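Input: a single structure, listed below in structure tokens.
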Protein chains: 4
Amino acid sequence: MPVVIETIHSQVLQGNPLNDAHERRVPIYLPPDYEHTEARYPVVYFLAGFSGGGVYLLGESLWGETLPQRVDRLVRSRAIQPLIVVMPDCITRLGGSQYINSTATGRYADHVVHELVPFIDAHYRTRPEREQRVVMGKSSGGYGATVLAMRAPEVFGLAVDHSGDKYFELCHRADIPGAAAALAAYQHSAARFLSGFPHPPAERGRHWFTLVHLLANAACYSPNPAAAIGFDLPFDEYTAELRPDVWARWLAHDPIELVAAHAEALRALRLYFLDCGRWDEHHLQYGARIYSKRLQDLGIAHTYEEFDGGHSNVAHRYEVSLRAVSAALSP
Amino acid sequence: MPVVIETIHSQVLQGNPLNDAHERRVPIYLPPDYEHTEARYPVVYFLAGFSGGGVYLLGESLWGETLPQRVDRLVRSRAIQPLIVVMPDCITRLGGSQYINSTATGRYADHVVHELVPFIDAHYRTRPEREQRVVMGKSSGGYGATVLAMRAPEVFGLAVDHSGDKYFELCHRADIPGAAAALAAYQHSAARFLSGFPHPPAERGRHWFTLVHLLANAACYSPNPAAAIGFDLPFDEYTAELRPDVWARWLAHDPIELVAAHAEALRALRLYFLDCGRWDEHHLQYGARIYSKRLQDLGIAHTYEEFDGGHSNVAHRYEVSLRAVSAALSP
Amino acid sequence: MPVVIETIHSQVLQGNPLNDAHERRVPIYLPPDYEHTEARYPVVYFLAGFSGGGVYLLGESLWGETLPQRVDRLVRSRAIQPLIVVMPDCITRLGGSQYINSTATGRYADHVVHELVPFIDAHYRTRPEREQRVVMGKSSGGYGATVLAMRAPEVFGLAVDHSGDKYFELCHRADIPGAAAALAAYQHSAARFLSGFPHPPAERGRHWFTLVHLLANAACYSPNPAAAIGFDLPFDEYTAELRPDVWARWLAHDPIELVAAHAEALRALRLYFLDCGRWDEHHLQYGARIYSKRLQDLGIAHTYEEFDGGHSNVAHRYEVSLRAVSAALSP
Amino acid sequence: MPVVIETIHSQVLQGNPLNDAHERRVPIYLPPDYEHTEARYPVVYFLAGFSGGGVYLLGESLWGETLPQRVDRLVRSRAIQPLIVVMPDCITRLGGSQYINSTATGRYADHVVHELVPFIDAHYRTRPEREQRVVMGKSSGGYGATVLAMRAPEVFGLAVDHSGDKYFELCHRADIPGAAAALAAYQHSAARFLSGFPHPPAERGRHWFTLVHLLANAACYSPNPAAAIGFDLPFDEYTAELRPDVWARWLAHDPIELVAAHAEALRALRLYFLDCGRWDEHHLQYGARIYSKRLQDLGIAHTYEEFDGGHSNVAHRYEVSLRAVSAALSP
């Protein structure tokens with residue numbers, strides 16, 4: 001199964017504020033017949049969830065499939081048409097970029113749209129028109145798929161959003177008490193926590209992951225160059241009281257809030273597929289329901305499915321969306 | 001150990017909207033020497049938490065103490081001075097009244113202040129002055145102690161609030177996703193859920209208790225005589241989206257919001273003791289921290305303690321507060 | 001609803017090794033028409049589970065029923081015939097006696113059979129023949145019902161065993177690792193643990209209850225007057241290695257092992273009703289299946305039902321068994 | 001960082017009963033200066049735990065290190081001397097071979113000892129004497145390290161056993177109730193379960209992993225060519241009752257039971273390092289304590305350490321053992 005790992009030298013990520021590498025390793029899955037033909041292929045940009053992406057999608061496990069293994073099986077069995085799948089690396093040392101530009105993390109939306117897509121089209125036999133280009137993702141990557149579809153309609157003509165972050169009032173806000181609890185071990189100071197980050201595993205307390213998730217999101221949603229840590233927290237580190245002004249900046253990134261202003265872009269999608277587990281542990285099914293209702297109110301065609309399941313072990317859902325993608329792409 | 005159970009025929013609870021009994025069984029603990037002397041005693045009104053109170057405080061267990069057993073031990077060992085402890089019954093079929101008046105539940109604040117206190121003073125040898133009358137509670141009862149201290153300063157001169165509900169933005173709001181999940185089994189309809197309430201135990205799903213807790217609070221905080229169920233929900237039953245107007249009515253009952261308007265009443269307290277577990281499962285430690293800060297900013301004397309522990313198994317904390325109460329009462 | 005609490009002065013429990021009271025408070029439920037008639041009634045002896053029994057069965061709760069409340073409802077609705085229900089108090093400071101005689105706890109089987117039953121028959125209008133006397137219980141009380149039915153066939157003619165302890169190889173043995181973990185905080189010494197027992201709630205660690213359950217069972221199953229704590233542990237306190245000789249003494253009390261020798265007694269039962277939750281957290285469904293198979297092999301008539309549920313919240317099952325009891329009792 | 005992946009064509013695994021591949025991909029870490037020198041290096045054979053090993057050790061993650069990344073860091077920082085690390089692939093479709101020979105899985109011990117070690121010594125600049133060869137592993141791999149040290153003393157002169165399977169009476173036996181519960185969904189039939197194995201993730205029930213773990217162990221410990229599934233289960237599929245004869249065959253593989261017969265081999269080790277987390281979720285700390293005691297009684301030199309932690313996230317412990325290994329190897 002051919003998977004090429006390209007190293008992309010990003011311009012826009014050079015000198016990024018978190019000192020993350022600007023060289024990015026991007027795996028690219030090529031369909032079985034790629035090397036035997038002169039054909040050009042549609043491309044799926046698959047955006048991974050928090051703390052994942054790029055080469056982290058390649059780790060094999062005994063009873064599972066990697067993303068390329070899964071796609072390859074679907075292509076070989078003719079369940080879907082041959083596709084190229086690109087796995088962008090938009091990871092930061094805090095866990096992720098939400099696929100947006102931020103002064104606290106870097107210009108990751110620009111990286112995908114203005115660097116990676118042209119690179120792929122220049123180096124691989126792609127169908128380089130938007131009607132043949134898909135942005136797809138899960139969780140934070142589902143969020144990324146939705147906001148890139150909103151902001152780069154000239155680039156992506158199809159979008160797939162699996163269990164994406166929406167309705168921050170439920171999904172992200174629920175992190176606050178755990179994050180504050182984790183900060184207690186660091187004298188209620190995010191700066192102190194970050195100075196030793198990521199800490200050895202044995203030192204990571206119960207709510208460590210929740211805190212990191214919240215800090216990563218704060219770097220994306222409420223950056224502040226004047227702040228010592230580069231971004232603002234939406235809550236008081238000791239009392240956990242919400243800071244309404246910072247929180248408002250988060251909400252401005254919520255798809256629920258963004259959708260009205262980007263209705264035209266979303267209407268132009270050839271396919272907009274969304275789903276969520278009925279028992280999502282991060283309450284994302286509620287955001288999905290609200291969002292689907294907003295789409296409907298705005299006359300934006302889309303498919304929304306709820307399935308029995310939670311937020312994990314949902315890779316089998318990619319088969320549903322990829323079939324829809326395959327059908328929507330012109331033959 | 002003398003515990004008398006009085007049956008109080010309440011006027012204000014007659015014809016209450018939930019059809020709860022207006023006859024209330026109220027246990028009263030009398031100190032060991034009560035029947036041998038002519039002395040008069042200070043009175044503690046102990047307000048129980050959600051789904052508890054009254055005779056439910058008398059259920060014995062092998063390795064625990066009931067409230068009267070605990071107080072009796074403290075009195076007999078002279079750790080505290082002799083006291084009368086009254087255990088009001090402000091339970092509703094939904095679980096509780098939060099010790100406030102509501103058109104959806106009944107006039108429970110009035111019942112305590114205008115019926116129960118006079119009854120006790122009339123029938124028992126109490127010290128009937130506010131300086132010798134204590135309102136004390138845990139969880140919802142802690143909330144009750146705080147709001148009764150605010151609203152009835154002429155009645156209560158001391159207040160003890162253990163792990164009380166505060167900062168609804170964290171403690172109550174966190175119930176919403178679970179409550180919405182529980183409603184899914186009832187076609188997303190609270191009315192349907194309530195029609196079969198309380199349901200046999202075997203039919204109570206995973207989030208049953210969370211939903212009941214939220215409905216009970218809605219009956220207290222956002223009553224609406226025009227609504228079919230008598231009150232408004234602060235969220236959409238299908239999407240879980242917050243209803244800001246209803247939520248604002250909840251927030252108007254949050255001690256965090258109430259405190260400024262009642263500063264004078266609280267300043268008049270001889271003792272205001274608050275505590276909370278550092279790891280409270282309902283995040284009440286954050287509300288307690290915010291509230292303590294507000295009290296400090298308003299110049300309201302109080303004691304706030306945080307202890308290692310959560311929201312349950314905290315009855316040992318009553319010993320700390322009762323000692324403080326005993327010391328604050330004039331001999 | 002008439003519930004009388006008798007205080008029984010036990011002879012056989014005087015000077016018991018755990019210094020538990022020999023005066024026992026025994027609640028007795030009398031049917032609604034008891035005081036208006038001269039009729040005599042069948043009697044159910046209801047044996048509670050670990051850490052429960054006697055007056056602990058009387059603690060009321062908002063959305064539940066106490067045992068007497070439940071029986072009373074069934075009798076008044078004529079779902080079952082009028083019955084007397086006696087709630088023996090065979091509790092020890094370690095949590096329970098398993099309703100057997102032990103040199104480490106006391107002669108609790110004798111107390112029930114030779115003291116309590118005669119007392120009840122002497123003081124209440126009972127039907128004093130074995131065909132009208134039922135032994136019934138849940139969990140440890142289910143175990144008690146089964147072993148009393150085996151050992152006192154002249155006393156009990158019907159037996160009901162809900163989720164009773166059986167197949168100790170699974171149910172009790174699973175306590176060992178947790179018990180050993182709990183002992184770590186006490187220098188791996190049960191004697192040290194017991195010296196401070198039951199400890200204040202705030203000091204009880206994660207596996208505290210598991211350890212107490214195991215110690216209580218050891219006092220019942222492997223007493224040893226020569227041991228400092230009065231009984232032997234079936235495992236090494238530091239390595240948790242099984243002590244086969246002590247464990248063999250436990251197994252001798254397992255209904256799975258006992259049944260063959262008591263087949264005749266069990267065959268004489270007018271009704272032998274057993275059930276268990278399909279998902280019992282203590283794996284008791286497996287013991288129940290094995291036991292039911294043994295009964296079948298031995299030609300012992302019985303009813304065995306499995307229901308969807310675990311080990312808790314199963315009081316609704318009493319309605320099933322009490323209907324069977326009511327039907328089996330001669331009118 | 002040089003990691004070579006060799007494909008080994010195994011003779012002994014050809015035609016293995018589970019139809020697992022006999023071509024095995026074996027990653028080999030080479031120290032930084034390997035290609036610049038003519039030096040020969042000691043070799044560590046690292047045996048992974050259940051469901052892992054081989055290329056599965058190479059999956060990268062954001063805040064973790066793969067085994068080769070960890071070793072490379074230690075070598076480059078001169079914390080340990082340069083080493084070759086070989087990562088054998090002894091995985092089976094059921095999850096693992098326990099690194100032993102079995103008619104139900106294959107000759108995995110032979111594969112490591114008689115095929116892989118000679119291959120490595122033939123193709124890499126190793127120090128091919130037993131005094132420079134280490135067998136090391138975690139969990140099932142810790143078990144493998146211990147039994148290979150017992151059985152191939154001429155091959156391995158040092159052994160490291162992290163959290164290895166020991167005292168099956170606790171660690172493996174605890175799987176039985178969960179495994180039986182998982183079988184309930186397959187009509188209590190392991191054969192039926194295995195016919196659809198490994199099942200799509202969405203169909204894997206709560207105890208799926210426990211059952212697979214037990215079946216894999218049964219294939220290793222109680223193979224039976226006459227059985228339809230190739231091995232015997234140590235319990236009844238419906239009642240979960242232990243089958244003592246089959247269980248005895250398992251116990252014959254327990255290091256606790258094996259140690260006495262292999263004392264001489266273990267005494268010949270230059271280093272025998274063992275550790276376990278004090279709170280191991282599989283109770284392995286107890287087995288480790290018993291085993292360490294047995295070693296001591298038999299006069300077998302070893303190091304046993306307990307650390308604060310459980311069974312997961314213990315890779316930081318490899319640093320402790322690798323330092324000990326490095327010190328024990330002659331310079």
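Each chain in the structure tokens gets a letter, A, B, ..., in the order shown, and its residues are numbered from 1; ligands are numbered from 1 in order too.
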
Residue list for chain B near chain C as JSON, numbers by chain, 6 Å, only C-alpha atoms
{"B": [56, 59, 60, 61]}

So that I can check the secondary structure, give me every residue of range 70-273 of chain A assigned helix (DSSP H, G or I) by backbone DSSP, as a count of residues only.
94

Give me every strand (DSSP E) residue in range 58-276 of chain D, going by DSSP on the backbone, as a ChimeraX atom specification.
/D:84-86,101-102,106-107,133-138,158-162,271-276

Write a file of the selected residues as an mmCIF file, in the first residue's frame, keeping N, CA and C atoms.
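Okay, again_20.cif is ready:
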```cif
data_model
loop_
_atom_site.group_PDB
_atom_site.id
_atom_site.type_symbol
_atom_site.label_atom_id
_atom_site.label_comp_id
_atom_site.auth_asym_id
_atom_site.auth_seq_id
_atom_site.Cartn_x
_atom_site.Cartn_y
_atom_site.Cartn_z
ATOM 1 N N ILE D 84 22.103 -2.277 20.670
ATOM 2 C CA ILE D 84 21.133 -2.617 19.632
ATOM 3 C C ILE D 84 19.865 -3.094 20.335
ATOM 4 N N VAL D 85 18.709 -2.659 19.844
ATOM 5 C CA VAL D 85 17.448 -3.145 20.414
ATOM 6 C C VAL D 85 16.633 -3.809 19.307
ATOM 7 N N VAL D 86 16.311 -5.061 19.525
ATOM 8 C CA VAL D 86 15.521 -5.837 18.569
ATOM 9 C C VAL D 86 14.100 -5.978 19.105
ATOM 10 N N ASN D 101 6.066 -21.850 23.176
ATOM 11 C CA ASN D 101 5.594 -22.769 22.139
ATOM 12 C C ASN D 101 4.237 -23.334 22.546
ATOM 13 N N SER D 102 3.320 -23.410 21.585
ATOM 14 C CA SER D 102 2.017 -24.001 21.865
ATOM 15 C C SER D 102 1.481 -24.598 20.585
ATOM 16 N N GLY D 106 1.679 -21.659 17.909
ATOM 17 C CA GLY D 106 2.915 -21.771 17.133
ATOM 18 C C GLY D 106 4.108 -21.836 18.068
ATOM 19 N N ARG D 107 5.277 -22.016 17.466
ATOM 20 C CA ARG D 107 6.500 -22.188 18.278
ATOM 21 C C ARG D 107 7.229 -20.854 18.394
ATOM 22 N N ARG D 133 23.795 -10.334 25.968
ATOM 23 C CA ARG D 133 22.470 -10.435 25.359
ATOM 24 C C ARG D 133 21.400 -10.359 26.440
ATOM 25 N N VAL D 134 20.451 -9.473 26.218
ATOM 26 C CA VAL D 134 19.450 -9.157 27.236
ATOM 27 C C VAL D 134 18.064 -9.513 26.714
ATOM 28 N N VAL D 135 17.273 -10.158 27.550
ATOM 29 C CA VAL D 135 15.863 -10.323 27.213
ATOM 30 C C VAL D 135 15.070 -9.462 28.191
ATOM 31 N N MET D 136 14.206 -8.636 27.641
ATOM 32 C CA MET D 136 13.531 -7.606 28.433
ATOM 33 C C MET D 136 12.109 -7.471 27.916
ATOM 34 N N GLY D 137 11.166 -7.202 28.825
ATOM 35 C CA GLY D 137 9.809 -7.026 28.347
ATOM 36 C C GLY D 137 8.907 -6.455 29.411
ATOM 37 N N LYS D 138 7.696 -6.141 28.985
ATOM 38 C CA LYS D 138 6.696 -5.557 29.877
ATOM 39 C C LYS D 138 5.393 -6.333 29.782
ATOM 40 N N LEU D 158 21.144 -11.758 30.699
ATOM 41 C CA LEU D 158 20.513 -10.736 31.529
ATOM 42 C C LEU D 158 19.017 -10.736 31.213
ATOM 43 N N ALA D 159 18.217 -10.413 32.230
ATOM 44 C CA ALA D 159 16.766 -10.415 32.025
ATOM 45 C C ALA D 159 16.133 -9.265 32.790
ATOM 46 N N VAL D 160 15.145 -8.654 32.145
ATOM 47 C CA VAL D 160 14.399 -7.546 32.750
ATOM 48 C C VAL D 160 12.909 -7.834 32.577
ATOM 49 N N ASP D 161 12.203 -7.839 33.675
ATOM 50 C CA ASP D 161 10.778 -8.214 33.681
ATOM 51 C C ASP D 161 9.988 -7.080 34.338
ATOM 52 N N HIS D 162 9.340 -6.276 33.493
ATOM 53 C CA HIS D 162 8.509 -5.176 33.996
ATOM 54 C C HIS D 162 7.062 -5.630 34.070
ATOM 55 N N LEU D 271 22.237 -10.284 35.466
ATOM 56 C CA LEU D 271 21.314 -9.284 36.019
ATOM 57 C C LEU D 271 19.909 -9.831 35.872
ATOM 58 N N TYR D 272 19.156 -9.730 36.931
ATOM 59 C CA TYR D 272 17.731 -10.077 36.867
ATOM 60 C C TYR D 272 16.988 -8.940 37.562
ATOM 61 N N PHE D 273 16.383 -8.104 36.738
ATOM 62 C CA PHE D 273 15.717 -6.907 37.248
ATOM 63 C C PHE D 273 14.207 -7.083 37.077
ATOM 64 N N LEU D 274 13.471 -6.884 38.150
ATOM 65 C CA LEU D 274 12.010 -6.970 38.091
ATOM 66 C C LEU D 274 11.402 -5.747 38.766
ATOM 67 N N ASP D 275 10.278 -5.310 38.263
ATOM 68 C CA ASP D 275 9.543 -4.285 38.995
ATOM 69 C C ASP D 275 8.051 -4.423 38.729
ATOM 70 N N CYS D 276 7.276 -3.644 39.462
ATOM 71 C CA CYS D 276 5.818 -3.643 39.271
ATOM 72 C C CYS D 276 5.251 -2.396 39.943
#
```

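CA of Ile28 in chain C sits 20.9 Å away from CA of Val12 in chain C.
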
Test item: residues at most 12 Å from Ala216 in chain B, only C-alpha atoms, excluding those fewer than 6 positions along its chain, as a PyMOL selection string
chain B and resi 18+50-51+91-99+102+104-105+140+172+175+179+190+194+209-210+222-223+229-233
